[in-house]
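These notes concern the structure reproduced below.
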Amino acid sequence: MRIVSQGVRLNVAEVGDLQAAFDQLPEQGGVLHFPAGIYEIDRTVHINLREGQHLQLCGDGRGTVLRYTATDGSPMLDLCGVVGSWWPDLKITVRDLTFKGNHDCGDALLLRYPNDALIDACSFLHFGDTAIRITPQATNVTVRDCWMRDCQRALHADNLHHLTLHGMQTRSQNGGQIQREHVYIGRHCREVRIVNNHFAYGHAEGIILDGTAQHVVANNTIEGFPIGIRAVDCRDIAITSNYLHCDTGILMQEHNSGFAIANNICTDNDQGALVFRDTGGAGGHTITGNIIRQSVYETGQQGIDLGDAGPCVVTGNVFEDLTVEAAITGSKETGHVLAENLNLDMRELASQAMAPGDLPPPPAPDAPWFPLYEHLRDIPADTNRCIIALGQIRRLLGDVAEAANTQPGWWRNDPDQPQAAAWLAAGWLVTLAYRIEGRAVLARQ
């Protein structure tokens, strides 16, 4: 091996000041290392990179904490590339750092005019604005395996080409601030990949796509939001293989065109799995292979509302246990292709699966299964669907219910089984039983 040259590596703790460490970097850039410890920063730290200058900020993971104490809405780190330039010769890496702010400060990390930037394995906590803001004329940015909690936003990007978000974990915090959307992809963004992330429990949208194009949103878990994905005036976007457990799964507004919405699981969307609003007749979407179902929660489930959308192809979707009469609603004069969609009623399927014959009699009052029968018998007659937890089953039945959590066959509507005879005699059928969630769903016969 022949060592041609060696780069500069500065220990920020030894320099004693982050701004001074930035200022000491030579023309070609270098590495700033933060050894494990807590570093308190009270004002914005700036660096203006030059063409050909490379920068790496690295720490020792959760052991390196950069604590921001400013309360004037200012950003913590302002990393600026070559102003006004597309595709400059830059490399920016930020990795293995914990950023800790407060509800009155601004962004954690502001990237302006970046190129070839990687934000990797960082944590962002409690920032009063956005964990990572990328703007403008940004190119080739990857954010991966980062953890954002109780930040006003996780990520905001606009005027950007080529962004990858991968492996992010975002969520609100009990007693924390009321958040805006977790991810905002703004106008003039192109070729964004939002894949394999977990966005959880926010107060607004999980993702906003605002006037943008040519993206893939795939393989994400998006749960606990009023709206999972909101797309406004966008085109050429694939939304596929996501898990959307939100009040509204996907909301399409204004002139969206050319969406492929496929193979998503939409569950417990009491305001609609896929909803079109104020589209002005825009359409040209394919909506296929999605599973839209009410699960083991009592939130309700609506289907697809095409609203005033233009022609769409809606095929091969599965609807299960909807709490509305029609699985697909909307204008019928716009030329939609609706074919081979399946609308299932799990109560009917459970009833058909039962062996023919008379229902069993109620168990005797001294029988071990009588408390289950009594509990279900006393549910008000206008209730057609109920959830029962396995813990509740154990409280009602004691040790005889231990098999409910270990034997799948325990939940069959088989009148020859004493526990099934109890719920059947009370007028109920088991339609779903999930040991992993500790709940079963029963429907009135």
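Here's how to read the names in the structure tokens: chain A, B, ... by the order shown, residue numbers from 1 in each chain, ligand numbers from 1 in the order shown.
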Subject >> Exercise: Val400 in chain A partners within 9 Å, only C-alpha atoms, chain neighbours under 5 positions left out, as a list in words >> reply: Pro368, Trp369 and Arg394 of chain A
Subject >> 8 Å contact set for range 242-255 of chain A, only C-alpha atoms, chain neighbours under 6 positions out, as a ChimeraX atom specification >> reply: /A:217-234,263-283
Preceding selection exported with N, CA and C atoms as a short mmCIF file (atom, residue, chain, number, x, y, z; two decimals), in the first residue's frame:
```cif
data_model
loop_
_atom_site.label_atom_id
_atom_site.label_comp_id
_atom_site.auth_asym_id
_atom_site.auth_seq_id
_atom_site.Cartn_x
_atom_site.Cartn_y
_atom_site.Cartn_z
N VAL A 217 -43.17 5.66 -2.95
CA VAL A 217 -43.43 5.55 -1.52
C VAL A 217 -43.79 4.09 -1.28
N ALA A 218 -42.88 3.33 -0.69
CA ALA A 218 -43.05 1.87 -0.68
C ALA A 218 -42.56 1.26 0.64
N ASN A 219 -43.26 0.23 1.05
CA ASN A 219 -42.84 -0.63 2.16
C ASN A 219 -42.72 0.12 3.49
N ASN A 220 -43.54 1.14 3.67
CA ASN A 220 -43.52 1.90 4.91
C ASN A 220 -44.66 1.46 5.83
N THR A 221 -44.44 1.55 7.12
CA THR A 221 -45.51 1.47 8.11
C THR A 221 -45.87 2.89 8.51
N ILE A 222 -47.14 3.26 8.28
CA ILE A 222 -47.60 4.62 8.59
C ILE A 222 -48.83 4.45 9.46
N GLU A 223 -48.70 4.74 10.74
CA GLU A 223 -49.79 4.44 11.66
C GLU A 223 -49.99 5.57 12.67
N GLY A 224 -51.25 5.76 13.04
CA GLY A 224 -51.55 6.69 14.11
C GLY A 224 -51.62 8.14 13.69
N PHE A 225 -51.94 8.43 12.41
CA PHE A 225 -52.07 9.80 11.92
C PHE A 225 -53.51 10.06 11.50
N PRO A 226 -53.97 11.32 11.54
CA PRO A 226 -55.26 11.62 10.92
C PRO A 226 -55.27 11.29 9.43
N ILE A 227 -54.15 11.57 8.74
CA ILE A 227 -54.00 11.26 7.32
C ILE A 227 -52.64 10.60 7.13
N GLY A 228 -52.62 9.45 6.48
CA GLY A 228 -51.34 8.77 6.25
C GLY A 228 -50.50 9.47 5.21
N ILE A 229 -51.05 9.60 3.98
CA ILE A 229 -50.35 10.26 2.87
C ILE A 229 -51.32 11.25 2.24
N ARG A 230 -50.90 12.51 2.10
CA ARG A 230 -51.71 13.51 1.40
C ARG A 230 -50.94 13.97 0.18
N ALA A 231 -51.54 13.80 -0.99
CA ALA A 231 -50.91 14.20 -2.25
C ALA A 231 -51.72 15.35 -2.86
N VAL A 232 -51.05 16.45 -3.17
CA VAL A 232 -51.69 17.64 -3.71
C VAL A 232 -50.99 18.03 -5.01
N ASP A 233 -51.72 17.95 -6.13
CA ASP A 233 -51.20 18.46 -7.41
C ASP A 233 -49.87 17.78 -7.77
N CYS A 234 -49.88 16.45 -7.78
CA CYS A 234 -48.66 15.67 -8.05
C CYS A 234 -48.88 14.77 -9.26
N ASN A 263 -51.23 -2.72 -3.84
CA ASN A 263 -50.74 -3.70 -2.86
C ASN A 263 -50.50 -3.11 -1.48
N ASN A 264 -51.26 -2.07 -1.14
CA ASN A 264 -51.19 -1.53 0.21
C ASN A 264 -52.18 -2.25 1.12
N ILE A 265 -51.88 -2.26 2.40
CA ILE A 265 -52.83 -2.72 3.41
C ILE A 265 -53.35 -1.49 4.14
N CYS A 266 -54.62 -1.23 4.00
CA CYS A 266 -55.27 -0.09 4.63
C CYS A 266 -56.23 -0.62 5.68
N THR A 267 -56.01 -0.25 6.92
CA THR A 267 -56.80 -0.85 7.98
C THR A 267 -57.27 0.19 8.98
N ASP A 268 -58.50 0.02 9.44
CA ASP A 268 -59.10 0.90 10.44
C ASP A 268 -59.09 2.36 10.00
N ASN A 269 -59.42 2.57 8.73
CA ASN A 269 -59.51 3.93 8.16
C ASN A 269 -60.97 4.38 8.24
N ASP A 270 -61.37 4.94 9.37
CA ASP A 270 -62.77 5.26 9.56
C ASP A 270 -63.21 6.46 8.72
N GLN A 271 -62.25 7.22 8.15
CA GLN A 271 -62.58 8.32 7.24
C GLN A 271 -62.31 7.97 5.78
N GLY A 272 -61.89 6.75 5.52
CA GLY A 272 -61.68 6.29 4.16
C GLY A 272 -60.28 5.79 3.92
N ALA A 273 -60.17 4.68 3.20
CA ALA A 273 -58.85 4.15 2.85
C ALA A 273 -58.19 5.01 1.79
N LEU A 274 -58.94 5.39 0.76
CA LEU A 274 -58.44 6.23 -0.33
C LEU A 274 -59.54 7.21 -0.70
N VAL A 275 -59.25 8.50 -0.59
CA VAL A 275 -60.27 9.53 -0.75
C VAL A 275 -59.77 10.58 -1.74
N PHE A 276 -60.62 10.92 -2.73
CA PHE A 276 -60.32 11.97 -3.69
C PHE A 276 -61.19 13.18 -3.37
N ARG A 277 -60.56 14.39 -3.36
CA ARG A 277 -61.29 15.60 -3.07
C ARG A 277 -60.84 16.74 -4.00
N ASP A 278 -61.81 17.47 -4.55
CA ASP A 278 -61.54 18.69 -5.32
C ASP A 278 -60.53 18.44 -6.44
N THR A 279 -60.73 17.35 -7.17
CA THR A 279 -59.76 16.99 -8.21
C THR A 279 -59.99 17.72 -9.52
N GLY A 280 -61.16 18.32 -9.69
CA GLY A 280 -61.43 18.98 -10.97
C GLY A 280 -61.46 18.02 -12.14
N GLY A 281 -61.73 16.75 -11.88
CA GLY A 281 -61.80 15.77 -12.95
C GLY A 281 -60.48 15.12 -13.31
N ALA A 282 -59.40 15.45 -12.60
CA ALA A 282 -58.11 14.80 -12.88
C ALA A 282 -58.17 13.34 -12.45
N GLY A 283 -57.50 12.49 -13.20
CA GLY A 283 -57.51 11.06 -12.88
C GLY A 283 -56.35 10.36 -13.54
#
```
Original post:
Within 12 Å of Glu348 in chain A, counting only C-alpha atoms, which residues qualify if same-chain residues fewer than 5 places away don't, as a PyMOL selection string?
Top reply: chain A and resi 320-321+343+353-354+428-431+442-445
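Of the residues listed (A:Leu49, A:Ala108, A:Leu338, A:Ala238), A:Ala108 shows the shortest atom-to-atom separation from Ile134 in chain A; distances use only C-alpha atoms.
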**OP:** Please give the complete set of residues from range 232-441 of chain A that DSSP, run on the backbone, assigns to strand (DSSP E or B), formatted as a PyMOL selection string.
**Re:** chain A and resi 232+235-240+243-245+248-253+257-262+265-267+272-277+286-288+291-293+304-305+313-315+318-320+328-329+337-339+342-344+385-389+428-434+439-441
Original post:
So which one's closest to Asp378 in chain A, A:Trp423, A:Trp410, A:Trp86, A:Tyr68? Using only C-alpha atoms, please.
Top reply: A:Trp423
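Secondary structure by DSSP on the backbone puts the following residues of range 212-388 of chain A in helix (DSSP H, G or I): Met346, Arg347, Glu348, Leu349, Ala350, Ser351, Gln352, Ala353, Phe370, Pro371, Leu372, Tyr373, Glu374, His375, Leu376 and Arg377 of chain A.
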Store the residues of this selection in a file with C-alpha atoms, as a PDB file, in the first residue's frame.
```
ATOM      1  CA  MET A 346     -66.555 -12.039   7.694  1.00  0.00           C
ATOM      2  CA  ARG A 347     -69.765 -12.752   9.618  1.00  0.00           C
ATOM      3  CA  GLU A 348     -71.288 -14.405   6.574  1.00  0.00           C
ATOM      4  CA  LEU A 349     -68.124 -16.406   5.938  1.00  0.00           C
ATOM      5  CA  ALA A 350     -68.004 -17.566   9.544  1.00  0.00           C
ATOM      6  CA  SER A 351     -71.657 -18.542   9.384  1.00  0.00           C
ATOM      7  CA  GLN A 352     -71.138 -20.515   6.169  1.00  0.00           C
ATOM      8  CA  ALA A 353     -68.177 -22.334   7.706  1.00  0.00           C
ATOM      9  CA  PHE A 370     -71.041 -19.651  31.839  1.00  0.00           C
ATOM     10  CA  PRO A 371     -69.263 -16.288  32.588  1.00  0.00           C
ATOM     11  CA  LEU A 372     -68.309 -15.993  28.896  1.00  0.00           C
ATOM     12  CA  TYR A 373     -71.866 -16.761  27.827  1.00  0.00           C
ATOM     13  CA  GLU A 374     -73.254 -14.265  30.336  1.00  0.00           C
ATOM     14  CA  HIS A 375     -70.867 -11.508  29.257  1.00  0.00           C
ATOM     15  CA  LEU A 376     -71.778 -11.867  25.576  1.00  0.00           C
ATOM     16  CA  ARG A 377     -75.490 -12.342  26.256  1.00  0.00           C
TER      17      ARG A 377
END
```
**OP:** Skip Leu77 in chain A itself and residues of its chain fewer than 4 positions away, then list as a list in words all residues within 7 Å of it, counting only C-alpha atoms.
**Re:** Thr44, Val45, His46, Ala108, Leu109 and Leu110 of chain A
Would you export the selected residues with C-alpha atoms as an mmCIF file, in the first residue's frame, please?
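Output (part.cif):
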```cif
data_model
loop_
_atom_site.group_PDB
_atom_site.id
_atom_site.type_symbol
_atom_site.label_atom_id
_atom_site.label_comp_id
_atom_site.auth_asym_id
_atom_site.auth_seq_id
_atom_site.Cartn_x
_atom_site.Cartn_y
_atom_site.Cartn_z
ATOM 1 C CA THR A 44 -26.218 28.561 15.142
ATOM 2 C CA VAL A 45 -22.987 27.085 13.819
ATOM 3 C CA HIS A 46 -22.358 27.850 10.130
ATOM 4 C CA ALA A 108 -31.551 20.619 14.007
ATOM 5 C CA LEU A 109 -29.782 20.313 10.673
ATOM 6 C CA LEU A 110 -30.205 22.784 7.797
#
```
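In this comparison, which uses only C-alpha atoms, the residue of A:Lys91, A:Arg190, A:His336, A:Lys100 approaching Asp308 in chain A most closely is A:His336.
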Residue neighbourhood Gln214 in chain A, 8 Å, only C-alpha atoms, exclusion window fewer than 6 positions, as a PDB file with C-alpha atoms, in the first residue's frame:
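Dumped everything to around.pdb:
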```pdb
ATOM      1  CA  ARG A 190     -38.002  14.989  -8.291  1.00  0.00           C
ATOM      2  CA  GLU A 191     -37.128  11.315  -7.907  1.00  0.00           C
ATOM      3  CA  VAL A 192     -37.674  10.800  -4.197  1.00  0.00           C
ATOM      4  CA  ARG A 235     -47.918  13.287 -10.913  1.00  0.00           C
ATOM      5  CA  ASP A 236     -46.165  10.005 -11.713  1.00  0.00           C
ATOM      6  CA  ILE A 237     -45.984   8.523  -8.236  1.00  0.00           C
TER       7      ILE A 237
END
```
